[in-house]
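J.: My structure file final27.cif, mmCIF, C-alpha atoms, is below:
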```
data_coords
loop_
_atom_site.label_atom_id
_atom_site.label_comp_id
_atom_site.auth_asym_id
_atom_site.auth_seq_id
_atom_site.Cartn_x
_atom_site.Cartn_y
_atom_site.Cartn_z
CA MET A 1198 32.82 -15.46 -17.28
CA ILE A 1199 29.54 -17.34 -17.84
CA PHE A 1200 28.16 -15.89 -14.61
CA TRP A 1201 28.84 -12.29 -15.69
CA ILE A 1202 27.32 -12.82 -19.14
CA PHE A 1203 24.24 -14.45 -17.63
CA ILE A 1204 23.71 -11.89 -14.84
CA THR A 1205 24.29 -8.98 -17.24
CA LEU A 1206 21.64 -10.34 -19.63
CA VAL A 1207 19.13 -10.81 -16.80
CA ILE A 1208 19.76 -7.29 -15.45
CA ALA A 1209 19.46 -5.86 -18.97
CA GLN A 1210 16.12 -7.67 -19.32
CA ARG A 1211 14.91 -6.08 -16.07
CA LEU A 1212 15.95 -2.62 -17.24
CA ILE A 1213 14.05 -3.10 -20.50
CA GLU A 1214 11.01 -4.21 -18.50
CA MET A 1215 11.25 -1.06 -16.38
CA ARG A 1216 11.12 1.04 -19.58
CA ILE A 1217 8.09 -0.92 -20.78
CA ALA A 1218 6.42 -0.46 -17.39
CA LYS A 1219 7.08 3.29 -17.50
CA ARG A 1220 5.60 3.53 -20.99
CA ASN A 1221 2.56 1.51 -19.91
CA GLU A 1222 2.17 3.63 -16.78
CA LYS A 1223 1.99 6.79 -18.88
CA TRP A 1224 -0.60 5.16 -21.15
CA ILE A 1225 -2.75 4.01 -18.21
CA LEU A 1226 -2.58 7.43 -16.54
CA SER A 1227 -3.51 9.13 -19.82
CA HIS A 1228 -6.64 6.94 -20.01
CA GLY A 1229 -7.87 7.84 -16.52
CA GLY A 1230 -6.03 5.16 -14.57
CA TYR A 1231 -4.26 5.56 -11.26
CA GLU A 1232 -1.67 3.89 -9.04
CA VAL A 1233 -2.41 2.27 -5.69
CA GLY A 1234 -0.09 0.89 -3.03
CA HIS A 1235 2.82 3.06 -4.06
CA ARG A 1236 4.24 3.14 -0.50
CA HIS A 1237 5.53 -0.43 -0.67
CA TYR A 1238 6.85 -0.22 -4.26
CA LYS A 1239 10.25 1.17 -3.24
CA TYR A 1240 10.80 -1.92 -1.08
CA ILE A 1241 10.11 -4.20 -4.02
CA VAL A 1242 12.65 -2.30 -6.13
CA LEU A 1243 15.15 -2.36 -3.25
CA MET A 1244 14.65 -6.12 -2.78
CA HIS A 1245 15.38 -6.79 -6.46
CA ILE A 1246 18.50 -4.59 -6.44
CA LEU A 1247 19.77 -6.29 -3.28
CA PHE A 1248 18.97 -9.70 -4.78
CA PHE A 1249 21.28 -9.10 -7.75
CA LEU A 1250 23.98 -7.63 -5.52
CA SER A 1251 23.70 -10.61 -3.17
CA VAL A 1252 24.02 -13.11 -6.03
CA MET A 1253 27.09 -11.28 -7.33
CA VAL A 1254 28.74 -11.03 -3.92
CA GLU A 1255 28.02 -14.65 -3.01
CA VAL A 1256 29.28 -16.00 -6.34
CA VAL A 1257 32.40 -13.83 -6.47
CA TYR A 1258 33.36 -13.71 -2.77
CA PHE A 1259 32.78 -17.42 -2.14
CA LYS A 1260 34.13 -18.39 -5.57
CA LYS A 1261 30.96 -20.23 -6.54
CA GLU A 1262 30.83 -22.04 -9.85
CA LEU A 1263 28.16 -23.14 -12.26
CA SER A 1264 26.10 -25.99 -10.83
CA THR A 1265 26.64 -29.45 -12.24
CA TYR A 1266 22.87 -29.47 -12.76
CA TYR A 1267 23.08 -26.38 -14.97
CA PRO A 1268 21.37 -28.00 -18.01
CA VAL A 1269 18.23 -28.71 -15.97
CA LEU A 1270 18.39 -25.44 -14.03
CA PHE A 1271 18.94 -23.37 -17.17
CA PHE A 1272 16.07 -25.19 -18.90
CA LEU A 1273 13.80 -24.36 -15.93
CA PHE A 1274 15.01 -20.75 -16.02
CA ALA A 1275 14.25 -20.59 -19.75
CA LEU A 1276 10.73 -21.85 -19.00
CA THR A 1277 10.27 -19.07 -16.44
CA GLN A 1278 11.30 -16.56 -19.11
CA LEU A 1279 8.70 -17.96 -21.48
CA GLY A 1280 6.17 -17.63 -18.65
CA ARG A 1281 7.29 -14.04 -18.07
CA LEU A 1282 6.93 -13.17 -21.76
CA TRP A 1283 3.53 -14.87 -21.90
CA ALA A 1284 2.34 -12.85 -18.89
CA LEU A 1285 3.67 -9.54 -20.24
CA GLN A 1286 2.32 -10.13 -23.73
CA SER A 1287 -1.08 -11.22 -22.40
CA LEU A 1288 -1.52 -7.98 -20.46
CA GLY A 1289 -0.03 -5.77 -23.16
CA MET A 1290 -0.37 -2.09 -22.22
CA PHE A 1291 -1.96 -3.09 -18.90
CA TRP A 1292 1.22 -4.81 -17.65
CA ASN A 1293 3.19 -2.89 -15.05
CA THR A 1294 5.59 -3.32 -12.15
CA LYS A 1295 3.36 -0.96 -10.17
CA ILE A 1296 -0.26 -1.56 -9.23
CA MET A 1297 -2.01 0.48 -11.90
CA ILE A 1298 -5.81 0.46 -12.13
CA LEU A 1299 -7.85 1.47 -15.13
CA PRO A 1300 -11.44 1.17 -13.83
CA THR A 1301 -13.09 1.69 -17.20
CA LYS A 1302 -11.53 -1.48 -18.67
CA GLN A 1303 -12.25 -5.09 -17.87
CA VAL A 1304 -9.66 -7.19 -16.08
CA GLN A 1305 -7.47 -9.06 -18.55
CA THR A 1306 -8.11 -12.80 -18.42
CA LYS A 1307 -6.14 -14.19 -21.32
CA GLY A 1308 -2.95 -16.19 -21.37
CA PRO A 1309 -1.72 -17.34 -17.97
CA TYR A 1310 -4.18 -14.96 -16.29
CA LYS A 1311 -6.89 -17.41 -17.28
CA TYR A 1312 -5.38 -19.86 -14.76
CA LEU A 1313 -3.66 -17.71 -12.12
CA LYS A 1314 -4.33 -14.23 -10.80
CA HIS A 1315 -0.63 -13.45 -10.43
CA PRO A 1316 1.46 -15.60 -12.80
CA ASN A 1317 4.28 -13.07 -12.99
CA TYR A 1318 4.74 -13.25 -9.20
CA LEU A 1319 5.13 -17.02 -9.52
CA VAL A 1320 7.74 -16.49 -12.24
CA VAL A 1321 9.66 -14.05 -10.01
CA ALA A 1322 9.53 -16.47 -7.07
CA LEU A 1323 10.98 -19.23 -9.26
CA GLU A 1324 13.68 -16.92 -10.63
CA ILE A 1325 14.72 -15.92 -7.11
CA ILE A 1326 15.43 -19.61 -6.52
CA LEU A 1327 16.80 -20.63 -9.92
CA ILE A 1328 19.24 -17.78 -10.61
CA PRO A 1329 21.28 -18.25 -7.42
CA VAL A 1330 21.04 -22.06 -7.41
CA LEU A 1331 22.34 -22.10 -11.00
CA PHE A 1332 25.60 -20.74 -9.54
CA LYS A 1333 25.41 -22.49 -6.12
CA ALA A 1334 24.54 -19.25 -4.29
CA TYR A 1335 22.26 -21.04 -1.83
CA ILE A 1336 22.29 -18.36 0.87
CA THR A 1337 20.87 -15.82 -1.60
CA ALA A 1338 18.28 -18.31 -2.85
CA ILE A 1339 16.97 -18.99 0.65
CA ALA A 1340 17.21 -15.45 2.06
CA PHE A 1341 15.57 -13.74 -0.90
CA SER A 1342 12.87 -16.38 -1.22
CA ILE A 1343 11.90 -15.45 2.33
CA PHE A 1344 12.14 -11.70 1.59
CA ASN A 1345 10.05 -12.15 -1.54
CA LEU A 1346 7.35 -14.00 0.41
CA MET A 1347 7.27 -11.15 2.92
CA VAL A 1348 6.95 -8.52 0.18
CA MET A 1349 4.28 -10.51 -1.68
CA ALA A 1350 2.33 -10.93 1.57
CA ILE A 1351 1.98 -7.13 1.50
CA ARG A 1352 1.63 -6.56 -2.24
CA ILE A 1353 -0.86 -9.24 -3.28
CA PRO A 1354 -3.60 -8.23 -0.81
CA ILE A 1355 -3.20 -4.59 -1.89
CA GLU A 1356 -3.45 -5.59 -5.52
CA GLU A 1357 -6.46 -7.81 -4.82
CA ARG A 1358 -8.30 -4.94 -3.12
CA ALA A 1359 -7.36 -2.56 -5.92
CA LEU A 1360 -8.60 -4.93 -8.63
CA ALA A 1361 -11.87 -5.34 -6.73
CA VAL A 1362 -13.05 -2.16 -8.51
CA HIS A 1363 -13.72 -4.61 -11.34
CA VAL A 1364 -16.76 -6.61 -10.28
CA GLU A 1365 -15.89 -9.45 -12.65
CA TYR A 1366 -12.41 -9.88 -11.08
CA HIS A 1367 -13.62 -12.39 -8.50
CA ASN A 1368 -15.44 -14.55 -11.02
CA ILE A 1369 -12.91 -14.92 -13.82
CA GLY A 1370 -10.78 -17.85 -14.88
CA LEU A 1371 -11.23 -21.57 -14.59
CA VAL A 1372 -11.18 -21.44 -10.80
CA SER A 1373 -12.76 -18.59 -8.85
CA ASN A 1374 -9.99 -18.58 -6.24
CA ARG A 1375 -6.88 -18.51 -8.42
CA PHE A 1376 -3.58 -18.31 -6.50
CA ILE A 1377 -4.67 -16.22 -3.51
CA PRO A 1378 -8.37 -15.85 -2.83
CA ASN A 1379 -9.53 -12.54 -1.53
CA ARG A 1380 -12.97 -10.93 -1.52
CA MET A 1381 -12.36 -7.47 -0.10
CA LYS A 1382 -13.85 -4.08 -0.71
CA PRO A 1383 -12.19 -2.08 -3.49
CA LEU A 1384 -9.13 -0.05 -2.58
CA LYS A 1385 -9.39 3.63 -3.46
CA LYS A 1386 -6.69 5.86 -4.93
CA ASP A 1387 -3.80 6.77 -2.60
#
```
Using the file provided, produce a representation of the structure as C-alpha cells.

T.:
Amino acid sequence: MIFWIFITLVIAQRLIEMRIAKRNEKWILSHGGYEVGHRHYKYIVLMHILFFLSVMVEVVYFKKELSTYYPVLFFLFALTQLGRLWALQSLGMFWNTKIMILPTKQVQTKGPYKYLKHPNYLVVALEIILIPVLFKAYITAIAFSIFNLMVMAIRIPIEERALAVHVEYHNIGLVSNRFIPNRMKPLKKD
C-alpha cells in the first residue's frame, strides 16, 4: 500500500512538471526562443516511463518490501525533492524538460545553478537510485542508472553547445567548469 501511494505521488509530480514545462515552452517560443536536440527527447521520456514501469514490476512481481533503511532513504529522497524545487524555482519560466534556448536573455545563474550547470540532472540521477532502493528494487536502480548515464552522455553535450549562444555561459558560477566542462561552438536551431 505504501509503495502505491508513494509511486502515485511521484508520477503525479512528474505529470505536473510536464504541464509546467509545456507552459514554459510556449512562453519561450512566444519570446523568440527555440528548441534544440529534439531528436533525443523521446528517448528521455521513454526512459522515464520504463523506469516507473520497471520499479512497479520489480516491486510487485518479486514481492519487494520497504527497505529497513527507509527513514534514511526517504530523508535523502526528500532532500532531492527540495533540490528539484530549488532548481525549478530558480529558473522560473526558463525551466523546461526540453532544451529551450532564448538567445536574447542571459543564462540564469541563481540558486543551485550558481554551483552546478545541471543540478536537476543530478537530482534525477539520485532519484533513479533512491526510488527503487527505497523498495529494494535493486535491478531497476542499477539498470536505469546506467541508462540514465547513457542518455545524459548525449543530452548534456547538446545542451552545452546550445547554451554556448550565451557568451557568459562559460564564465558563470563559482567554478568555470561546473559539472561537465565543455567549450564548444554554439549549436544552431534544428

J.: Please identify every residue of stretch 1234-1254 of chain A that has at least one atom no farther than 8 Å from an atom of stretch 1338-1353 of chain A, counting only C-alpha atoms, and for each give the shortest atom pair and the distance in Å to one decimal, arranged by chain then increasing number, as a Markdown table.

T.:
```
| residue | atom | partner | partner_atom | distance |
| --- | --- | --- | --- | --- |
| A:Gly1234 | CA | A:Arg1352 | CA | 7.7 |
| A:His1237 | CA | A:Arg1352 | CA | 7.4 |
| A:Tyr1240 | CA | A:Val1348 | CA | 7.7 |
| A:Ile1241 | CA | A:Val1348 | CA | 6.8 |
| A:Met1244 | CA | A:Phe1344 | CA | 7.5 |
| A:Phe1248 | CA | A:Phe1341 | CA | 6.6 |
```

J.: Okay, now the selection with C-alpha atoms, as a compact mmCIF listing (two decimals), in the coordinates of the input?

T.:
```txt
# COMPACT_ATOMS: atom_id res chain seq x y z
CA GLY A 1234 -0.09 0.89 -3.03
CA HIS A 1237 5.53 -0.43 -0.67
CA TYR A 1240 10.80 -1.92 -1.08
CA ILE A 1241 10.11 -4.20 -4.02
CA MET A 1244 14.65 -6.12 -2.78
CA PHE A 1248 18.97 -9.70 -4.78
```

J.: Can you tell me, as lines of an AutoDock Vina configuration file, the centre and edge lengths (Å, one decimal) of the axis-aligned box enclosing all of stretch 1305-1310 of chain A's listed atoms after padding each side by 5 Å?

T.:
```
center_x = -4.9
center_y = -13.2
center_z = -18.8
size_x = 16.4
size_y = 18.3
size_z = 15.1
```

J.: With all atoms listed in the file as the atoms that count, which of A:Leu1243, A:Leu1313, A:Ile1355, A:Val1254 lies nearest to A:Ala1334?

T.: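 Using all atoms listed in the file, the shortest distance to A:Ala1334 belongs to A:Val1254.
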
J.: Of the candidates A:Tyr1310, A:Tyr1266, A:Trp1224, A:Phe1249, which one gets nearest to A:Ile1204 if we count all atoms listed in the file?

T.: A:Phe1249

J.: With all atoms listed in the file as the counted atoms, please give the residues lying no more than 8 Å from stretch 1298-1304 of chain A, apart from itself and same-chain residues fewer than 2 positions off, as a ChimeraX atom specification.

T.: /A:1225,1228-1233,1296,1306,1359-1360,1362-1363,1365-1366

J.: Taking all atoms listed in the file into account, name the residue in A:Ala1361, A:Asn1317, A:Arg1236, A:Gln1278 that is nearest to A:Asn1293.

T.: A:Asn1317

J.: Counting all atoms listed in the file, figure out which residue out of A:Val1242, A:Met1198, A:Leu1279, A:Val1207 gets nearest to A:Thr1294.

T.: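 Of the candidates, the smallest distance to A:Thr1294 is held by A:Val1242.
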
J.: Between A:Thr1205, A:Ser1251, A:Thr1277, A:Gln1305, which residue has the minimum interatomic distance to A:Ala1322, considering only C-alpha atoms?

T.: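 Comparing A:Thr1205, A:Ser1251, A:Thr1277, A:Gln1305 against A:Ala1322, the winner is A:Thr1277.
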